[in-house]
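S.K.: So here's query_2.txt, just compact mmCIF, C-alpha atoms and all ligand atoms:
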```txt
# COMPACT_ATOMS: atom_id res chain seq x y z
CA MET A 17 -19.50 8.58 -5.28
CA ALA A 18 -16.09 9.21 -6.78
CA VAL A 19 -15.81 8.97 -10.54
CA LEU A 20 -12.27 7.78 -11.12
CA PRO A 21 -10.38 7.37 -14.37
CA PHE A 22 -9.78 3.89 -15.77
CA VAL A 23 -6.47 2.94 -17.40
CA ASP A 24 -6.02 -0.28 -19.34
CA ILE A 25 -2.40 -1.38 -18.84
CA SER A 26 -2.50 -4.37 -21.25
CA MET A 27 -0.16 -2.61 -23.68
CA LEU A 28 2.58 -2.28 -21.05
CA ALA A 29 3.39 -5.87 -22.00
CA SER A 30 3.75 -4.93 -25.67
CA ASP A 31 7.10 -5.03 -27.49
CA SER A 32 6.34 -1.69 -29.08
CA ARG A 33 7.59 1.39 -27.23
CA GLU A 34 4.78 3.42 -28.85
CA ASP A 35 2.20 1.11 -27.24
CA ARG A 36 3.87 1.44 -23.85
CA LEU A 37 4.09 5.21 -24.24
CA GLY A 38 0.35 5.30 -24.89
CA VAL A 39 -0.31 3.68 -21.50
CA ALA A 40 2.27 5.94 -19.84
CA ARG A 41 0.44 9.02 -21.13
CA ALA A 42 -2.93 7.72 -19.91
CA LEU A 43 -1.42 6.90 -16.51
CA ASP A 44 0.15 10.34 -16.33
CA ARG A 45 -3.19 12.05 -17.03
CA ALA A 46 -5.05 9.91 -14.50
CA CYS A 47 -2.46 10.45 -11.77
CA THR A 48 -2.26 14.19 -12.42
CA ASP A 49 -6.04 14.62 -12.31
CA ALA A 50 -7.01 12.21 -9.58
CA GLY A 51 -4.19 10.26 -7.89
CA PHE A 52 -6.74 7.45 -7.53
CA LEU A 53 -7.74 5.35 -10.51
CA TYR A 54 -8.84 1.93 -11.72
CA ILE A 55 -6.49 -0.25 -13.68
CA GLY A 56 -7.37 -3.26 -15.76
CA GLY A 57 -5.35 -5.36 -18.16
CA ALA A 58 -4.96 -8.72 -19.82
CA GLN A 59 -1.96 -9.46 -17.59
CA LEU A 60 -4.02 -9.44 -14.35
CA ASP A 61 -4.45 -13.06 -13.23
CA TRP A 62 -7.83 -13.31 -11.53
CA ALA A 63 -7.32 -16.94 -10.49
CA LEU A 64 -4.54 -15.74 -8.16
CA PHE A 65 -6.88 -13.13 -6.66
CA ARG A 66 -9.55 -15.76 -6.00
CA ARG A 67 -7.04 -18.05 -4.30
CA LEU A 68 -5.88 -15.19 -2.11
CA VAL A 69 -9.44 -14.49 -0.97
CA ALA A 70 -9.97 -18.17 -0.13
CA ARG A 71 -6.73 -18.30 1.90
CA ALA A 72 -7.63 -15.11 3.75
CA GLU A 73 -11.12 -16.41 4.60
CA ALA A 74 -9.69 -19.65 5.97
CA TYR A 75 -6.91 -17.92 7.89
CA PHE A 76 -8.99 -15.22 9.60
CA ALA A 77 -11.57 -17.84 10.65
CA LEU A 78 -8.94 -19.41 12.95
CA ASP A 79 -9.07 -18.82 16.70
CA ARG A 80 -7.36 -15.70 17.97
CA GLU A 81 -4.81 -17.72 19.99
CA VAL A 82 -3.78 -19.64 16.89
CA LYS A 83 -3.38 -16.43 14.93
CA MET A 84 -1.44 -14.78 17.78
CA ALA A 85 1.24 -17.49 17.44
CA ASN A 86 2.39 -15.41 14.45
CA TYR A 87 1.91 -12.01 16.14
CA ILE A 88 3.72 -9.31 14.16
CA GLY A 89 5.08 -7.90 17.42
CA HIS A 90 7.33 -10.97 17.76
CA SER A 91 8.95 -10.44 14.38
CA GLN A 92 12.11 -8.44 13.69
CA ASN A 93 11.08 -7.33 10.22
CA HIS A 94 7.40 -6.44 10.53
CA SER A 95 5.73 -9.57 9.27
CA GLY A 96 2.88 -11.58 10.75
CA TYR A 97 -0.55 -11.33 12.29
CA VAL A 98 -1.95 -7.90 13.23
CA PRO A 99 -4.80 -8.24 15.75
CA VAL A 100 -7.75 -5.85 16.00
CA GLY A 101 -6.66 -2.75 17.92
CA GLU A 102 -2.97 -2.97 17.02
CA GLU A 103 -3.04 -0.08 14.57
CA GLN A 104 -3.97 3.42 15.63
CA PHE A 105 -4.10 6.27 13.13
CA GLY A 106 -5.79 9.00 15.16
CA ALA A 107 -5.32 9.70 18.87
CA GLY A 108 -7.52 7.39 20.93
CA THR A 109 -9.01 5.45 18.02
CA SER A 110 -7.92 2.07 16.80
CA ASP A 111 -8.87 0.50 13.52
CA LEU A 112 -11.55 -2.17 13.42
CA LYS A 113 -9.63 -4.65 11.36
CA GLU A 114 -7.17 -7.53 11.58
CA ALA A 115 -4.46 -8.24 9.05
CA TYR A 116 -1.63 -10.50 7.99
CA ASP A 117 1.38 -8.60 6.69
CA VAL A 118 4.13 -9.98 4.50
CA ASN A 119 7.09 -8.33 2.83
CA ARG A 120 9.48 -9.41 0.16
CA ASP A 121 10.68 -12.75 1.55
CA TYR A 122 14.39 -12.03 2.10
CA PRO A 123 16.18 -15.00 3.68
CA TRP A 124 19.79 -13.75 3.51
CA PRO A 125 21.42 -12.38 6.68
CA GLU A 126 23.35 -9.75 4.71
CA GLY A 127 21.34 -6.64 3.79
CA ARG A 128 18.44 -7.12 6.21
CA ARG A 129 16.53 -4.01 7.23
CA PRO A 130 13.65 -3.37 9.65
CA LEU A 131 11.21 -4.19 6.82
CA LEU A 132 13.32 -6.68 4.92
CA GLY A 133 13.95 -10.20 6.17
CA PRO A 134 12.37 -13.64 6.13
CA ASN A 135 8.58 -13.64 6.23
CA ASN A 136 6.72 -15.00 9.20
CA TRP A 137 4.33 -17.66 7.80
CA PRO A 138 1.42 -19.34 9.59
CA GLN A 139 1.19 -23.13 9.85
CA MET A 140 -1.54 -23.41 7.24
CA PRO A 141 -1.05 -25.65 4.22
CA GLY A 142 -1.10 -23.69 0.96
CA PHE A 143 -1.10 -20.23 2.58
CA ARG A 144 2.55 -19.50 1.93
CA GLU A 145 2.40 -20.81 -1.65
CA ASP A 146 -0.68 -18.85 -2.69
CA VAL A 147 0.30 -15.64 -0.94
CA SER A 148 3.81 -15.85 -2.44
CA ALA A 149 2.40 -16.47 -5.93
CA TYR A 150 0.22 -13.39 -5.57
CA TYR A 151 3.18 -11.39 -4.26
CA ARG A 152 5.30 -12.37 -7.29
CA HIS A 153 2.47 -11.55 -9.68
CA LEU A 154 1.96 -8.09 -8.21
CA THR A 155 5.72 -7.50 -8.24
CA ASP A 156 5.72 -8.14 -12.01
CA ILE A 157 2.74 -5.86 -12.63
CA GLY A 158 4.34 -3.20 -10.43
CA GLY A 159 7.57 -3.43 -12.44
CA GLN A 160 5.63 -2.67 -15.63
CA ILE A 161 3.94 0.29 -13.95
CA PHE A 162 7.26 1.65 -12.62
CA ARG A 163 8.54 1.63 -16.22
CA ALA A 164 5.42 3.50 -17.34
CA PHE A 165 5.98 6.10 -14.61
CA ALA A 166 9.59 6.50 -15.77
CA LEU A 167 8.32 7.23 -19.30
CA ALA A 168 5.64 9.56 -17.95
CA LEU A 169 8.26 11.54 -16.01
CA GLY A 170 10.55 11.82 -19.03
CA LEU A 171 13.18 9.41 -17.67
CA GLU A 172 14.82 6.38 -19.23
CA GLU A 173 12.23 3.61 -19.23
CA ASP A 174 14.38 1.36 -17.01
CA HIS A 175 15.21 4.18 -14.58
CA PHE A 176 13.70 2.49 -11.52
CA ASP A 177 14.92 -1.04 -12.28
CA ALA A 178 18.32 -0.45 -10.64
CA HIS A 179 16.56 0.88 -7.52
CA ARG A 180 14.22 -2.07 -7.18
CA ARG A 181 16.56 -5.00 -6.50
CA ASN A 182 15.06 -5.88 -3.10
CA PRO A 183 12.31 -3.38 -2.40
CA PRO A 184 10.51 -3.76 0.96
CA SER A 185 7.11 -3.72 -0.76
CA GLN A 186 4.45 -4.87 1.60
CA LEU A 187 1.39 -7.00 0.90
CA ARG A 188 -1.38 -6.84 3.48
CA LEU A 189 -4.25 -9.28 3.79
CA ILE A 190 -6.83 -7.24 5.66
CA HIS A 191 -10.07 -8.50 7.19
CA TYR A 192 -12.69 -6.01 8.33
CA PRO A 193 -15.07 -8.08 10.44
CA PHE A 194 -18.77 -7.36 10.60
CA ASP A 195 -19.67 -5.80 13.94
CA SER A 196 -23.07 -4.10 14.12
CA SER A 197 -22.21 -2.42 17.43
CA ALA A 198 -19.17 -0.65 16.06
CA GLN A 199 -20.62 1.54 13.34
CA ASP A 200 -18.75 4.63 14.45
CA ARG A 201 -15.27 3.17 14.52
CA PRO A 202 -13.13 3.64 11.48
CA GLY A 203 -12.21 0.48 9.56
CA ILE A 204 -8.94 2.23 8.86
CA GLY A 205 -8.28 5.85 9.78
CA ALA A 206 -7.50 8.64 7.30
CA HIS A 207 -4.00 8.41 5.84
CA THR A 208 -1.86 8.51 2.74
CA ASP A 209 0.12 5.45 1.70
CA TYR A 210 3.85 5.86 2.27
CA GLU A 211 5.36 4.15 -0.77
CA CYS A 212 5.35 4.97 -4.49
CA PHE A 213 1.96 3.54 -5.45
CA THR A 214 -0.54 0.99 -4.19
CA LEU A 215 -2.48 -1.65 -6.09
CA LEU A 216 -5.57 -2.70 -4.19
CA PHE A 217 -7.97 -5.55 -4.67
CA ALA A 218 -10.99 -5.66 -2.33
CA THR A 219 -14.09 -7.85 -1.99
CA ALA A 220 -16.53 -5.07 -1.12
CA ALA A 221 -16.89 -1.28 -1.23
CA GLY A 222 -15.99 0.78 1.85
CA LEU A 223 -12.99 2.79 0.71
CA GLN A 224 -13.38 6.56 0.70
CA ILE A 225 -11.12 9.31 -0.62
CA LEU A 226 -10.81 12.95 0.28
CA ASP A 227 -11.73 15.02 -2.77
CA ARG A 228 -10.41 18.46 -3.69
CA LYS A 229 -13.29 20.17 -1.89
CA GLY A 230 -12.44 18.34 1.33
CA ASP A 231 -15.39 15.93 1.23
CA TRP A 232 -15.16 12.17 1.77
CA VAL A 233 -16.45 10.31 -1.27
CA ASP A 234 -17.03 6.59 -1.76
CA VAL A 235 -14.92 4.60 -4.20
CA PRO A 236 -17.12 1.93 -5.79
CA LEU A 237 -15.56 -1.35 -6.90
CA MET A 238 -15.27 -1.92 -10.63
CA ASP A 239 -15.53 -5.43 -12.10
CA GLY A 240 -12.30 -6.64 -13.63
CA ALA A 241 -10.27 -3.73 -12.25
CA MET A 242 -7.93 -3.04 -9.37
CA ILE A 243 -7.79 0.28 -7.55
CA MET A 244 -4.52 2.16 -7.76
CA ASN A 245 -3.34 5.18 -5.82
CA ILE A 246 -0.28 7.39 -5.51
CA GLY A 247 1.75 7.26 -2.28
CA ASP A 248 4.08 9.75 -0.53
CA MET A 249 7.22 8.66 -2.38
CA MET A 250 5.76 9.10 -5.88
CA GLU A 251 4.50 12.52 -4.79
CA ILE A 252 8.15 13.40 -4.05
CA LEU A 253 9.61 11.67 -7.14
CA SER A 254 7.15 13.54 -9.38
CA ASN A 255 7.79 16.83 -7.49
CA GLY A 256 4.10 17.09 -6.61
CA ARG A 257 2.80 16.42 -10.13
CA TYR A 258 1.04 13.39 -8.64
CA VAL A 259 -0.42 13.77 -5.17
CA ALA A 260 -0.78 11.10 -2.50
CA THR A 261 -4.52 11.18 -1.94
CA THR A 262 -5.82 10.82 1.61
CA HIS A 263 -8.19 7.88 2.05
CA ARG A 264 -9.86 5.76 4.72
CA VAL A 265 -12.25 2.85 5.18
CA LYS A 266 -15.29 4.02 7.08
CA LYS A 267 -18.07 2.28 8.98
CA VAL A 268 -17.81 -1.28 7.83
CA ALA A 269 -21.35 -2.53 7.28
CA GLN A 270 -20.38 -5.94 5.96
CA GLN A 271 -17.53 -8.37 6.20
CA ARG A 272 -14.80 -7.22 3.87
CA TYR A 273 -11.37 -8.39 2.70
CA ALA A 274 -8.86 -6.04 1.10
CA PHE A 275 -5.38 -6.72 -0.29
CA PRO A 276 -3.26 -3.63 -0.79
CA PHE A 277 0.18 -4.14 -2.30
CA PHE A 278 2.44 -1.16 -1.60
CA HIS A 279 5.12 -0.75 -4.27
CA ALA A 280 8.38 0.61 -2.90
CA CYS A 281 11.93 1.15 -4.16
CA ASP A 282 14.94 -0.30 -2.35
CA TYR A 283 15.21 0.44 1.37
CA ASP A 284 18.31 2.63 0.99
CA TYR A 285 17.15 4.44 -2.15
CA VAL A 286 17.08 8.20 -1.61
CA VAL A 287 13.74 9.51 -2.84
CA ALA A 288 14.08 12.98 -4.39
CA PRO A 289 12.24 14.90 -7.13
CA LEU A 290 13.21 13.54 -10.56
CA VAL A 291 11.72 16.13 -12.85
CA GLY A 292 14.36 17.89 -14.92
CA ASP A 293 15.06 21.54 -14.23
CA GLU A 294 11.94 22.29 -12.19
CA ALA A 295 12.80 23.68 -8.75
CA PRO A 296 12.51 20.80 -6.25
CA ARG A 297 9.52 21.26 -3.95
CA TYR A 298 10.45 18.40 -1.62
CA ALA A 299 13.50 17.59 0.47
CA PRO A 300 14.98 14.14 -0.26
CA LEU A 301 14.30 11.33 2.18
CA LYS A 302 15.51 7.77 2.61
CA GLY A 303 12.69 5.58 1.34
CA GLY A 304 12.91 2.66 3.75
CA GLU A 305 13.48 4.92 6.72
CA HIS A 306 10.34 6.93 5.87
CA LEU A 307 8.34 3.76 5.49
CA PHE A 308 9.51 2.36 8.81
CA ASN A 309 9.10 5.68 10.65
CA GLN A 310 5.49 6.06 9.50
CA THR A 311 4.75 2.42 10.34
CA ALA A 312 6.26 2.88 13.81
CA GLN A 313 3.85 5.74 14.49
CA THR A 314 0.76 3.58 14.05
CA PHE A 315 1.62 0.07 15.30
CA ALA A 316 1.24 -0.50 19.05
CA TYR A 317 4.13 -2.98 19.31
CA LEU A 318 6.54 -0.51 17.71
CA LYS A 319 5.27 2.32 19.91
CA ARG A 320 6.01 0.11 22.93
CA ARG A 321 9.57 -0.48 21.67
CA ILE A 322 10.02 3.28 21.29
CA ALA A 323 8.61 3.96 24.78
CA LYS A 324 11.04 1.43 26.30
CA GLY A 325 13.96 3.01 24.45
CA GLU A 326 14.60 -0.17 22.41
CA LEU A 327 13.85 1.68 19.20
CA VAL A 328 14.86 5.22 18.26
CA LEU A 329 13.50 6.79 15.08
CA ALA A 330 15.68 9.08 12.99
CA ASN A 331 14.17 11.86 10.84
CA ALA A 332 10.53 10.89 11.53
CA MET A 333 7.89 13.12 9.88
CA PRO A 334 4.30 13.61 11.06
CA LEU A 335 1.86 11.11 9.54
CA ASP A 336 -0.02 13.78 7.58
CA SER A 337 3.03 15.26 5.85
CA PHE A 338 1.79 14.39 2.35
CA GLY A 339 -1.35 14.63 0.28
CA ARG A 340 -4.28 16.89 0.88
CA ARG A 341 -5.11 17.64 4.47
CA GLN A 342 -7.98 15.94 6.24
CA GLY A 343 -11.49 17.01 5.30
CA PRO A 344 -14.04 18.69 7.57
CA SER A 345 -15.71 15.45 8.62
CA GLY A 346 -12.56 14.10 10.31
CA ALA A 347 -11.47 10.47 10.57
O1 LIG B 401 -9.11 -1.62 2.77
C1 LIG B 401 -8.91 -0.82 1.87
O2 LIG B 401 -9.66 -0.72 0.91
C2 LIG B 401 -7.75 0.13 1.93
C3 LIG B 401 -6.71 -0.20 2.93
C4 LIG B 401 -5.68 0.88 3.01
O3 LIG B 401 -5.92 2.01 2.66
C5 LIG B 401 -4.33 0.58 3.51
O4 LIG B 401 -4.10 -0.51 4.02
O5 LIG B 401 -3.45 1.46 3.38
FE FE B 402 -4.07 3.09 2.38
```
For this file, produce the structure as structure tokens.

M.R.:
Amino acid sequence: MAVLPFVDISMLASDSREDRLGVARALDRACTDAGFLYIGGAQLDWALFRRLVARAEAYFALDREVKMANYIGHSQNHSGYVPVGEEQFGAGTSDLKEAYDVNRDYPWPEGRRPLLGPNNWPQMPGFREDVSAYYRHLTDIGGQIFRAFALALGLEEDHFDAHRRNPPSQLRLIHYPFDSSAQDRPGIGAHTDYECFTLLFATAAGLQILDRKGDWVDVPLMDGAMIMNIGDMMEILSNGRYVATTHRVKKVAQQRYAFPFFHACDYDYVVAPLVGDEAPRYAPLKGGEHLFNQTAQTFAYLKRRIAKGELVLANAMPLDSFGRRQGPSGA
């Protein structure tokens, strides 16, 4: 079992800079030591979480044909239903999970990007409203945490605000079905998250992280807390001070729902180390491009577009370019 640090972010909502700095220091320590942590705080609205679970349960219980009407492979900006088998992390293995993916709902024609456009919503009363309310809530919490990271990295507190006007942050509703015959398939293969940081809420244990020794360890759920982890882009921004920890969901022994929210900066924001006069250890990359390139390497519909020559990736990096390398037990 992993023993992860816990950070209470309540004081990020305080008017006192000293209070906010206190949280920033705790966050800095936790991210330097572990890269995976629990966060709790008075600003987390648990009623929104419960409504999200109820919507997910109702949605995933629909027939496959109904869900396929919103197949993500029909969308132009990566939003919609992800059937079992669509995502492949390792060669020859596909994840045993289905999902519904939404982005920032961006209706305007100007400024669209491969991961920024209008969301694809299912015909299910209340789904759009509750998922959007959760999305807005997590966007607010994420904004507070971005400001704490700015303080932790010695930047102006509002440093990231100007780079987060329309970030293509993704919210995934993931359902890992119970299947007793599939114990050896990964729920989700080993990976790092691509964005700055992820806030995860899940209904059951199952997540594992790769520790410093190269062993997979279980991450237990903690009551009243979300799980947070560093992604590739924060590893770059912090010049490796925080590391994107490799994780997976292994051998699902019970039905499970998980809701990761991946906090990104604007699509065109160039992600480069932001730490003073230290020598940069990472080459800059375009945030949205990295996110889309990594996504295109795991989703079957995007791989098909690449194979047909409809989609050409620029500057794509291997999937395991960040974080600690895979442990001895494999994916
Ligand atoms: O299901 C989980 O707990 C984690 C999911 C995850 O790692 C991801 O979607 O990137
Ligand atoms: Fe992940």

S.K.: What is the distance, in Å and to one decimal place, between atom CA of His279 of chain A and atom CA of Ala316 of chain A?

M.R.: 23.6 Å

S.K.: Counting all atoms listed in the file, what is within 8 Å of Leu43 of chain A, bar same-chain residues fewer than 2 positions away, as a VMD selection string?

M.R.: chain A and resid 23 39 to 41 45 to 47 164 to 165 168

S.K.: Would you give the centre and edge lengths, in Å to one decimal, of a box along x, y and z around the listed atoms of ligand LIG 401 (chain B), with 4 Å added to each side, as JSON?

M.R.:
```
{"center_x": -6.6, "center_y": 0.2, "center_z": 2.5, "size_x": 14.2, "size_y": 11.6, "size_z": 11.1}
```

S.K.: Residues within 9 Å of segment 131-134 of chain A, please, as a list in words. Count only C-alpha atoms; anything in the same chain fewer than 6 positions from it doesn't count.

M.R.: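 Surrounding residues, per the criterion: Gln92, Asn93, His94, Ser95, Asn119, Arg120, Asp121, Tyr122, Pro123, Trp124, Pro125, Asn182, Pro183, Pro184, Ser185, Gln186, Tyr283, Gly304, Leu307 and Phe308 of chain A.
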
S.K.: Let me see if you get this right: every residue at most 7 Å from ligand FE 402 (chain B), counting all atoms listed in the file, written as a PDB file with C-alpha atoms, in the frame of the given file.

M.R.:
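Done, and the output landed in pocket_1.pdb:
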```pdb
ATOM      1  CA  HIS A 207      -4.000   8.410   5.840  1.00  0.00           C
ATOM      2  CA  THR A 208      -1.860   8.510   2.740  1.00  0.00           C
ATOM      3  CA  ASP A 209       0.120   5.450   1.700  1.00  0.00           C
ATOM      4  CA  HIS A 263      -8.190   7.880   2.050  1.00  0.00           C
ATOM      5  CA  ARG A 264      -9.860   5.760   4.720  1.00  0.00           C
TER       6      ARG A 264
END
```

S.K.: What do you get as an NGL selection string if you pick all residues at most 7 Å from ligand LIG 401 (chain B), counting only C-alpha atoms and all ligand atoms?

M.R.: :A and (188 or 190 or 204 or 209 or 216 or 218 or 222-223 or 263-265 or 274 or 276)

S.K.: Using C-alpha atoms, can you write the selected residues to a file as a PDB file, in the coordinates of the input?

M.R.:
```
ATOM      1  CA  ARG A 188      -1.380  -6.840   3.480  1.00  0.00           C
ATOM      2  CA  ILE A 190      -6.830  -7.240   5.660  1.00  0.00           C
ATOM      3  CA  ILE A 204      -8.940   2.230   8.860  1.00  0.00           C
ATOM      4  CA  ASP A 209       0.120   5.450   1.700  1.00  0.00           C
ATOM      5  CA  LEU A 216      -5.570  -2.700  -4.190  1.00  0.00           C
ATOM      6  CA  ALA A 218     -10.990  -5.660  -2.330  1.00  0.00           C
ATOM      7  CA  GLY A 222     -15.990   0.780   1.850  1.00  0.00           C
ATOM      8  CA  LEU A 223     -12.990   2.790   0.710  1.00  0.00           C
ATOM      9  CA  HIS A 263      -8.190   7.880   2.050  1.00  0.00           C
ATOM     10  CA  ARG A 264      -9.860   5.760   4.720  1.00  0.00           C
ATOM     11  CA  VAL A 265     -12.250   2.850   5.180  1.00  0.00           C
ATOM     12  CA  ALA A 274      -8.860  -6.040   1.100  1.00  0.00           C
ATOM     13  CA  PRO A 276      -3.260  -3.630  -0.790  1.00  0.00           C
TER      14      PRO A 276
END
```

S.K.: Taking only residues of segment 266-308 of chain A that have an atom at most 10 Å from an atom of segment 234-249 of chain A, what is each one's shortest atom pair and its distance in Å to one decimal, using all atoms listed in the file, in chain and number order, as JSON lines?

M.R.:
```
{"residue": "A:Lys266", "atom": "CA", "partner": "A:Asp234", "partner_atom": "CA", "distance": 9.4}
{"residue": "A:Pro276", "atom": "CA", "partner": "A:Ile243", "partner_atom": "CA", "distance": 9.0}
{"residue": "A:Phe277", "atom": "CA", "partner": "A:Met244", "partner_atom": "CA", "distance": 9.6}
{"residue": "A:Phe278", "atom": "CA", "partner": "A:Gly247", "partner_atom": "CA", "distance": 8.5}
{"residue": "A:His279", "atom": "CA", "partner": "A:Gly247", "partner_atom": "CA", "distance": 8.9}
{"residue": "A:Ala280", "atom": "CA", "partner": "A:Met249", "partner_atom": "CA", "distance": 8.1}
{"residue": "A:Cys281", "atom": "CA", "partner": "A:Met249", "partner_atom": "CA", "distance": 9.0}
{"residue": "A:Val286", "atom": "CA", "partner": "A:Met249", "partner_atom": "CA", "distance": 9.9}
{"residue": "A:Val287", "atom": "CA", "partner": "A:Met249", "partner_atom": "CA", "distance": 6.6}
{"residue": "A:Ala288", "atom": "CA", "partner": "A:Met249", "partner_atom": "CA", "distance": 8.4}
{"residue": "A:Pro289", "atom": "CA", "partner": "A:Met249", "partner_atom": "CA", "distance": 9.3}
{"residue": "A:Pro300", "atom": "CA", "partner": "A:Met249", "partner_atom": "CA", "distance": 9.7}
{"residue": "A:Leu301", "atom": "CA", "partner": "A:Met249", "partner_atom": "CA", "distance": 8.8}
{"residue": "A:Lys302", "atom": "CA", "partner": "A:Met249", "partner_atom": "CA", "distance": 9.7}
{"residue": "A:Gly303", "atom": "CA", "partner": "A:Met249", "partner_atom": "CA", "distance": 7.3}
{"residue": "A:His306", "atom": "CA", "partner": "A:Met249", "partner_atom": "CA", "distance": 9.0}
{"residue": "A:Leu307", "atom": "CA", "partner": "A:Met249", "partner_atom": "CA", "distance": 9.3}
```

S.K.: What is the atom CA of Asn255 of chain A to atom CA of Asp174 of chain A distance in Å?

M.R.: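 Result for atom CA of Asn255 of chain A versus atom CA of Asp174 of chain A: 19.3 Å, one decimal.
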
S.K.: Rounded to one decimal place, report the atom CA of Ala72 of chain A-atom CA of Ile225 of chain A distance in Å.

M.R.: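 Between atom CA of Ala72 of chain A and atom CA of Ile225 of chain A the gap works out to 25.1 Å.
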
S.K.: So which residues touch segment 99-105 of chain A within 7 Å, counting only C-alpha atoms, skipping near sequence neighbours fewer than 3 positions away, as a PyMOL selection string?

M.R.: chain A and resi 109-115+205+314-316

S.K.: Which residue is closest to Ile252 of chain A? Choose from A:Glu211, A:Asp79, A:Glu73, A:Glu326 and count all atoms listed in the file.

M.R.: A:Glu211

S.K.: In terms of the shortest atom-to-atom distance over only C-alpha atoms, which of A:Leu37, A:Thr262, A:Arg272, A:Asn136 is closest to Arg228 of chain A?

M.R.: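 Among the listed residues, A:Thr262 lies closest to Arg228 of chain A.
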
S.K.: Near Leu327 of chain A, counting all atoms listed in the file, which residues have an atom at most 12 Å away, once you skip same-chain residues fewer than 5 positions from it, shown as a list of chain:residue names?

M.R.: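 Near Leu327 of chain A, the qualifying residues are A:Gln92, A:Pro130, A:Phe308, A:Asn309, A:Ala312, A:Gln313, A:Tyr317, A:Leu318, A:Lys319, A:Arg320, A:Arg321, A:Ile322.
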
S.K.: When distances are computed from all atoms listed in the file, which of A:Gly57, A:Phe52, A:Ala330, A:Pro138 shows the smallest separation from Asn86 of chain A?

M.R.: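 Under the stated criterion, the closest residue is A:Pro138.
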
S.K.: Taking only C-alpha atoms into account, name the residue in A:Arg128, A:Gln270, A:Phe275, A:Asp44 that is nearest to Gly170 of chain A.

M.R.: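 Counting only C-alpha atoms, the residue closest to Gly170 of chain A is A:Asp44.
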
S.K.: For Asp146 of chain A, which of A:Phe65, A:Tyr192, A:Phe176, A:Phe76 is the closest residue, counting all atoms listed in the file?

M.R.: A:Phe65

S.K.: If we draw a sphere of 10 Å around (4.1, 14.8, 1.2), which residues have at least one atom in it when counting only C-alpha atoms? Please report them as a count of residues only.

M.R.: 24

S.K.: Please determine, counting all atoms listed in the file, which residue among A:Trp137, A:Tyr150, A:Phe213, A:Tyr285 has the shortest atom-to-atom distance to Tyr258 of chain A.

M.R.: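 Smallest separation from Tyr258 of chain A among the options: A:Phe213.
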